[in-house]
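Pasting final.txt here (compact mmCIF, C-alpha atoms):
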```txt
# COMPACT_ATOMS: atom_id res chain seq x y z
CA MET A 319 -18.20 -4.64 18.01
CA ASN A 320 -19.83 -3.26 14.87
CA GLU A 321 -20.76 -6.13 12.53
CA ASN A 322 -19.80 -4.18 9.41
CA PHE A 323 -16.35 -3.48 10.88
CA CYS A 324 -15.78 -7.16 11.68
CA THR A 325 -16.87 -8.22 8.20
CA HIS A 326 -14.32 -5.96 6.52
CA PHE A 327 -11.39 -7.21 8.56
CA ALA A 328 -12.30 -10.88 8.89
CA THR A 329 -13.19 -11.63 5.28
CA ARG A 330 -11.77 -8.97 2.97
CA LEU A 331 -8.37 -8.62 1.40
CA ARG A 332 -6.32 -5.58 2.41
CA ILE A 333 -4.36 -3.80 -0.30
CA GLY A 334 -1.84 -1.18 0.78
CA VAL A 335 -1.16 1.92 -1.30
CA MET A 336 2.31 3.41 -0.88
CA GLY A 337 3.47 6.50 -2.74
CA SER A 338 4.37 10.18 -2.74
CA ALA A 339 3.18 12.27 0.20
CA GLN A 340 5.14 15.20 -1.20
CA GLY A 341 7.80 16.02 -3.79
CA PRO A 342 7.97 16.07 -7.61
CA SER A 343 5.46 13.26 -8.19
CA MET A 344 2.79 15.50 -6.67
CA THR A 345 3.19 18.13 -9.39
CA TYR A 346 1.71 15.95 -12.11
CA LYS A 347 -2.06 15.94 -12.42
CA LYS A 348 -1.98 12.51 -14.09
CA ASN A 349 -0.50 10.98 -10.91
CA THR A 350 -3.41 12.29 -8.85
CA GLU A 351 -5.84 10.87 -11.39
CA LEU A 352 -4.04 7.51 -11.39
CA ALA A 353 -4.11 7.39 -7.59
CA MET A 354 -7.84 8.10 -7.45
CA GLN A 355 -8.51 5.48 -10.11
CA LEU A 356 -6.41 3.01 -8.15
CA GLY A 357 -8.50 3.63 -5.04
CA GLN A 358 -11.69 3.16 -7.03
CA GLU A 359 -10.45 -0.17 -8.40
CA ILE A 360 -9.51 -1.40 -4.93
CA ALA A 361 -12.99 -0.51 -3.67
CA LYS A 362 -14.63 -2.18 -6.67
CA SER A 363 -12.64 -5.35 -5.98
CA GLY A 364 -14.20 -5.50 -2.50
CA SER A 365 -10.83 -5.05 -0.77
CA VAL A 366 -9.94 -2.72 2.09
CA LEU A 367 -7.54 0.07 1.13
CA VAL A 368 -4.70 0.54 3.62
CA ASN A 369 -2.25 3.44 3.60
CA GLY A 370 -0.09 5.58 5.88
CA ALA A 371 -2.88 8.08 6.58
CA CYS A 372 -0.69 10.69 4.92
CA PRO A 373 -1.34 13.44 2.36
CA GLY A 374 -0.43 13.10 -1.31
CA LEU A 375 -1.03 10.18 -3.64
CA PRO A 376 -1.99 7.63 -0.93
CA ASN A 377 -4.66 10.06 0.27
CA ASP A 378 -5.87 10.60 -3.31
CA ALA A 379 -6.28 6.82 -3.53
CA ALA A 380 -8.21 6.87 -0.25
CA ILE A 381 -10.56 9.54 -1.63
CA GLY A 382 -11.07 7.48 -4.78
CA ALA A 383 -11.91 4.41 -2.70
CA LYS A 384 -14.38 6.30 -0.50
CA ASN A 385 -16.08 7.83 -3.53
CA ALA A 386 -16.57 4.30 -4.85
CA GLY A 387 -18.06 3.07 -1.56
CA GLY A 388 -14.92 1.37 -0.28
CA PHE A 389 -13.53 0.95 3.23
CA VAL A 390 -10.28 2.81 4.06
CA MET A 391 -7.84 2.20 6.91
CA GLY A 392 -4.94 4.53 7.73
CA VAL A 393 -1.85 3.67 9.79
CA SER A 394 -0.62 6.96 11.25
CA PRO A 395 2.88 7.73 12.57
CA ALA A 396 1.26 9.95 15.21
CA PHE A 397 0.40 9.18 18.82
CA SER A 398 -2.99 10.90 18.64
CA GLN A 399 -5.38 12.56 16.25
CA ARG A 400 -4.14 15.97 17.39
CA GLU A 401 -0.50 15.07 16.63
CA HIS A 402 -1.62 13.49 13.36
CA ILE A 403 -3.17 16.78 12.24
CA GLU A 404 -0.83 19.34 13.82
CA LYS A 405 2.60 17.70 13.61
CA TYR A 406 2.22 15.55 10.50
CA ASN A 407 -0.28 17.79 8.65
CA SER A 408 -2.21 14.68 7.72
CA PRO A 409 -5.88 14.20 6.77
CA VAL A 410 -8.62 12.35 8.62
CA ASP A 411 -11.67 12.77 6.38
CA PRO A 412 -11.40 9.86 3.89
CA TYR A 413 -10.75 7.26 6.59
CA ASP A 414 -13.12 4.80 8.22
CA LEU A 415 -10.41 3.80 10.69
CA ILE A 416 -7.07 5.34 11.66
CA LEU A 417 -4.60 3.45 13.84
CA TYR A 418 -2.49 5.95 15.79
CA THR A 419 0.78 4.09 16.31
CA GLY A 420 2.98 6.77 17.88
CA MET A 421 5.89 5.10 16.07
CA GLY A 422 7.03 7.89 13.75
CA LEU A 423 7.32 7.67 9.99
CA MET A 424 9.88 4.91 9.46
CA GLU A 425 8.68 2.41 12.07
CA ARG A 426 5.09 3.08 11.04
CA ASP A 427 6.01 1.82 7.56
CA ILE A 428 6.57 -1.68 8.93
CA LEU A 429 3.08 -1.85 10.46
CA ASN A 430 1.63 -0.39 7.28
CA ILE A 431 3.11 -3.26 5.28
CA ARG A 432 2.13 -5.92 7.80
CA PHE A 433 -1.49 -4.79 7.83
CA SER A 434 -1.56 -5.26 4.04
CA ASP A 435 -1.97 -8.57 2.21
CA ALA A 436 -0.49 -6.91 -0.87
CA VAL A 437 1.08 -3.53 -1.60
CA ILE A 438 0.86 -1.20 -4.59
CA ILE A 439 3.63 1.34 -5.22
CA LEU A 440 2.94 4.52 -7.19
CA GLY A 441 5.26 7.47 -7.64
CA GLY A 442 7.29 8.09 -4.53
CA GLY A 443 10.78 8.90 -3.31
CA ILE A 444 12.97 7.64 -0.44
CA GLY A 445 10.03 6.88 1.87
CA THR A 446 8.25 4.85 -0.78
CA LEU A 447 11.48 3.03 -1.57
CA ASN A 448 11.69 2.06 2.11
CA GLU A 449 8.12 0.71 1.98
CA PHE A 450 8.96 -1.26 -1.15
CA THR A 451 12.05 -2.87 0.39
CA VAL A 452 10.13 -3.82 3.56
CA ALA A 453 7.35 -5.37 1.45
CA PHE A 454 9.91 -7.16 -0.72
CA ASP A 455 11.82 -8.66 2.20
CA GLU A 456 8.61 -9.64 3.99
CA GLY A 457 7.38 -11.57 0.97
CA ARG A 458 4.29 -9.51 0.20
CA TYR A 459 2.74 -9.52 -3.24
CA ILE A 460 3.67 -6.17 -4.78
CA GLY A 461 2.05 -4.24 -7.61
CA VAL A 462 4.05 -1.47 -9.29
CA LEU A 463 2.19 1.23 -11.19
CA THR A 464 4.80 2.08 -13.80
CA SER A 465 2.89 5.05 -15.25
CA ALA A 466 3.15 7.16 -12.07
CA ASP A 467 6.80 8.34 -12.29
CA GLY A 468 9.05 8.46 -9.21
CA VAL A 469 10.36 5.27 -7.61
CA SER A 470 7.60 3.19 -9.19
CA SER A 471 9.07 3.76 -12.66
CA HIS A 472 12.49 2.45 -11.55
CA VAL A 473 11.67 -0.61 -9.45
CA GLU A 474 12.95 -3.10 -12.04
CA GLU A 475 16.28 -1.26 -12.21
CA ILE A 476 16.54 -1.16 -8.41
CA ILE A 477 15.94 -4.91 -8.11
CA GLU A 478 18.57 -5.58 -10.76
CA MET A 479 21.12 -3.25 -9.14
CA CYS A 480 20.59 -5.03 -5.82
CA HIS A 481 21.18 -8.42 -7.48
CA ARG A 482 17.79 -9.68 -6.44
CA GLU A 483 15.16 -11.55 -8.45
CA LYS A 484 11.63 -10.36 -9.16
CA GLY A 485 10.29 -13.86 -8.78
CA ASP A 486 6.54 -14.36 -9.03
CA ARG A 487 5.53 -11.92 -6.29
CA ILE A 488 5.95 -8.61 -8.15
CA PHE A 489 3.63 -7.40 -10.90
CA PHE A 490 4.09 -4.38 -13.18
CA SER A 491 1.42 -2.48 -15.11
CA GLU A 492 0.57 0.99 -16.37
CA SER A 493 -3.11 0.33 -15.61
CA PRO A 494 -4.59 0.58 -12.08
CA GLU A 495 -7.46 -1.70 -13.12
CA GLU A 496 -5.14 -4.41 -14.43
CA LEU A 497 -2.83 -4.17 -11.41
CA VAL A 498 -5.64 -4.54 -8.85
CA LYS A 499 -7.18 -7.42 -10.80
CA THR A 500 -3.83 -9.23 -11.02
CA LEU A 501 -3.06 -8.79 -7.33
CA THR A 502 -6.54 -9.90 -6.30
CA ILE A 503 -6.20 -13.10 -8.30
CA ALA A 504 -2.74 -13.74 -6.85
CA LEU A 505 -4.02 -13.26 -3.30
CA GLU A 506 -7.05 -15.48 -3.83
CA THR A 507 -5.26 -18.32 -5.63
CA GLY A 508 -1.57 -18.08 -4.78
CA PRO A 509 0.46 -19.13 -1.75
CA ARG A 510 1.22 -16.83 1.18
CA VAL A 511 4.71 -16.40 2.56
CA VAL A 512 5.56 -17.74 6.02
CA THR A 513 7.98 -15.80 8.23
CA GLU A 514 9.94 -16.87 11.27
CA ASP A 515 12.44 -14.97 13.41
CA GLU A 516 12.00 -11.90 11.18
CA ARG A 517 13.31 -13.78 8.16
CA ILE A 518 11.44 -15.52 5.38
CA VAL A 519 11.70 -19.25 6.00
CA SER A 520 13.80 -21.26 3.56
CA LYS A 521 14.09 -18.44 1.03
CA TYR A 522 10.41 -17.79 0.37
CA THR A 523 8.79 -20.94 1.70
CA PHE A 524 5.08 -20.67 0.97
CA LEU A 525 2.02 -22.19 2.58
CA LYS A 526 -1.65 -21.84 1.72
```
Represent the supplied structure as structure tokens.
Amino acid sequence: MNENFCTHFATRLRIGVMGSAQGPSMTYKKNTELAMQLGQEIAKSGSVLVNGACPGLPNDAAIGAKNAGGFVMGVSPAFSQREHIEKYNSPVDPYDLILYTGMGLMERDILNIRFSDAVIILGGGIGTLNEFTVAFDEGRYIGVLTSADGVSSHVEEIIEMCHREKGDRIFFSESPEELVKTLTIALETGPRVVTEDERIVSKYTFLK
């Protein structure tokens, strides 16, 4: 197996980018710019960028990461590259690796989260909200880019409405640079959640 490929997956952190593939968030040029900057910061941190191999803001982040020399992995809902392009109208160009799951959009989200050590939410609608709730319940570190509109600007309200606590796993910032730096430090120095029987053990039991 290619040595460069092994190095990226054996030693590097993986940061997922979840956000708008379509909808109102896509109409704002600033969101595209924020997504590209986010991808650049992930690449600069030495982490692998993971996303759903979809169009929109996650793909803008992938382009930003590639332009900065980063490594990008996509987790596609499609069974094959042909289905990925023709059925899901999704890109292939910015990606070093695409995993074709054949699982459809919603089930793909679970794999997308599980391939990521941490997740960043920007913009987004119902699909992004689903990714956030999966990441939350699976104990991932989560970064929320509050300057990107959509779901990401309402996460604190959603947590409060659901009578849940933010705890020390969720970080908020208007700055992509600050968010990536904070998550990287948390991943390198903080505990990781342990899961068992699809539930987080002992209400967020952590182990190094």
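The interatomic distance for the pair CA of Leu440 (chain A) and CA of Gly357 (chain A) works out to 11.7 Å.
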Within 10 Å of Glu492 (chain A), counting only C-alpha atoms, which residues show up once you throw out same-chain ones fewer than 3 positions away? Write them as a ChimeraX atom specification, please.
-> /A:352,462-466,471,495-497
Can I get the selection written as a PDB file, in the frame of the given file, with C-alpha atoms?
```pdb
ATOM      1  CA  LEU A 352      -4.040   7.510 -11.390  1.00  0.00           C
ATOM      2  CA  VAL A 462       4.050  -1.470  -9.290  1.00  0.00           C
ATOM      3  CA  LEU A 463       2.190   1.230 -11.190  1.00  0.00           C
ATOM      4  CA  THR A 464       4.800   2.080 -13.800  1.00  0.00           C
ATOM      5  CA  SER A 465       2.890   5.050 -15.250  1.00  0.00           C
ATOM      6  CA  ALA A 466       3.150   7.160 -12.070  1.00  0.00           C
ATOM      7  CA  SER A 471       9.070   3.760 -12.660  1.00  0.00           C
ATOM      8  CA  GLU A 495      -7.460  -1.700 -13.120  1.00  0.00           C
ATOM      9  CA  GLU A 496      -5.140  -4.410 -14.430  1.00  0.00           C
ATOM     10  CA  LEU A 497      -2.830  -4.170 -11.410  1.00  0.00           C
TER      11      LEU A 497
END
```
Nearest to Ala504 (chain A), restricted to all atoms listed in the file and choosing among A:Val473, A:Ala453, A:Ala436, A:Ala339, comes out as A:Ala436
If we count all atoms listed in the file, what is near region 384-398 of chain A at a cut-off of 6 Å, once residues fewer than 4 positions away on the same chain are taken out, given as a short mmCIF file (atom, residue, chain, number, x, y, z; two decimals) with C-alpha atoms, in the coordinates of the input?
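The file below, out.cif, is the result:
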```cif
data_model
loop_
_atom_site.label_atom_id
_atom_site.label_comp_id
_atom_site.auth_asym_id
_atom_site.auth_seq_id
_atom_site.Cartn_x
_atom_site.Cartn_y
_atom_site.Cartn_z
CA GLN A 358 -11.69 3.16 -7.03
CA ALA A 361 -12.99 -0.51 -3.67
CA VAL A 366 -9.94 -2.72 2.09
CA LEU A 367 -7.54 0.07 1.13
CA VAL A 368 -4.70 0.54 3.62
CA ASN A 369 -2.25 3.44 3.60
CA GLY A 370 -0.09 5.58 5.88
CA ALA A 371 -2.88 8.08 6.58
CA HIS A 402 -1.62 13.49 13.36
CA TYR A 413 -10.75 7.26 6.59
CA ASP A 414 -13.12 4.80 8.22
CA LEU A 415 -10.41 3.80 10.69
CA ILE A 416 -7.07 5.34 11.66
CA LEU A 417 -4.60 3.45 13.84
CA TYR A 418 -2.49 5.95 15.79
CA THR A 419 0.78 4.09 16.31
CA GLY A 420 2.98 6.77 17.88
CA MET A 421 5.89 5.10 16.07
CA GLY A 422 7.03 7.89 13.75
CA LEU A 423 7.32 7.67 9.99
CA ARG A 426 5.09 3.08 11.04
CA ASN A 430 1.63 -0.39 7.28
#
```
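The space between CA of Val469 (chain A) and CA of Glu404 (chain A) spans 28.0 Å.
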Residue with the minimum atom-to-atom distance to Pro376 (chain A), picked from A:Ile477, A:Ile460, A:Leu356, A:Val498 with only C-alpha atoms counted, is A:Leu356
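Taking CA of Thr507 (chain A) and CA of Glu478 (chain A) as endpoints, the distance between them is 27.5 Å.
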Best match for closeness to Lys405 (chain A) among A:Val437, A:Cys372, A:Ala380, A:Ile431, counting only C-alpha atoms = A:Cys372
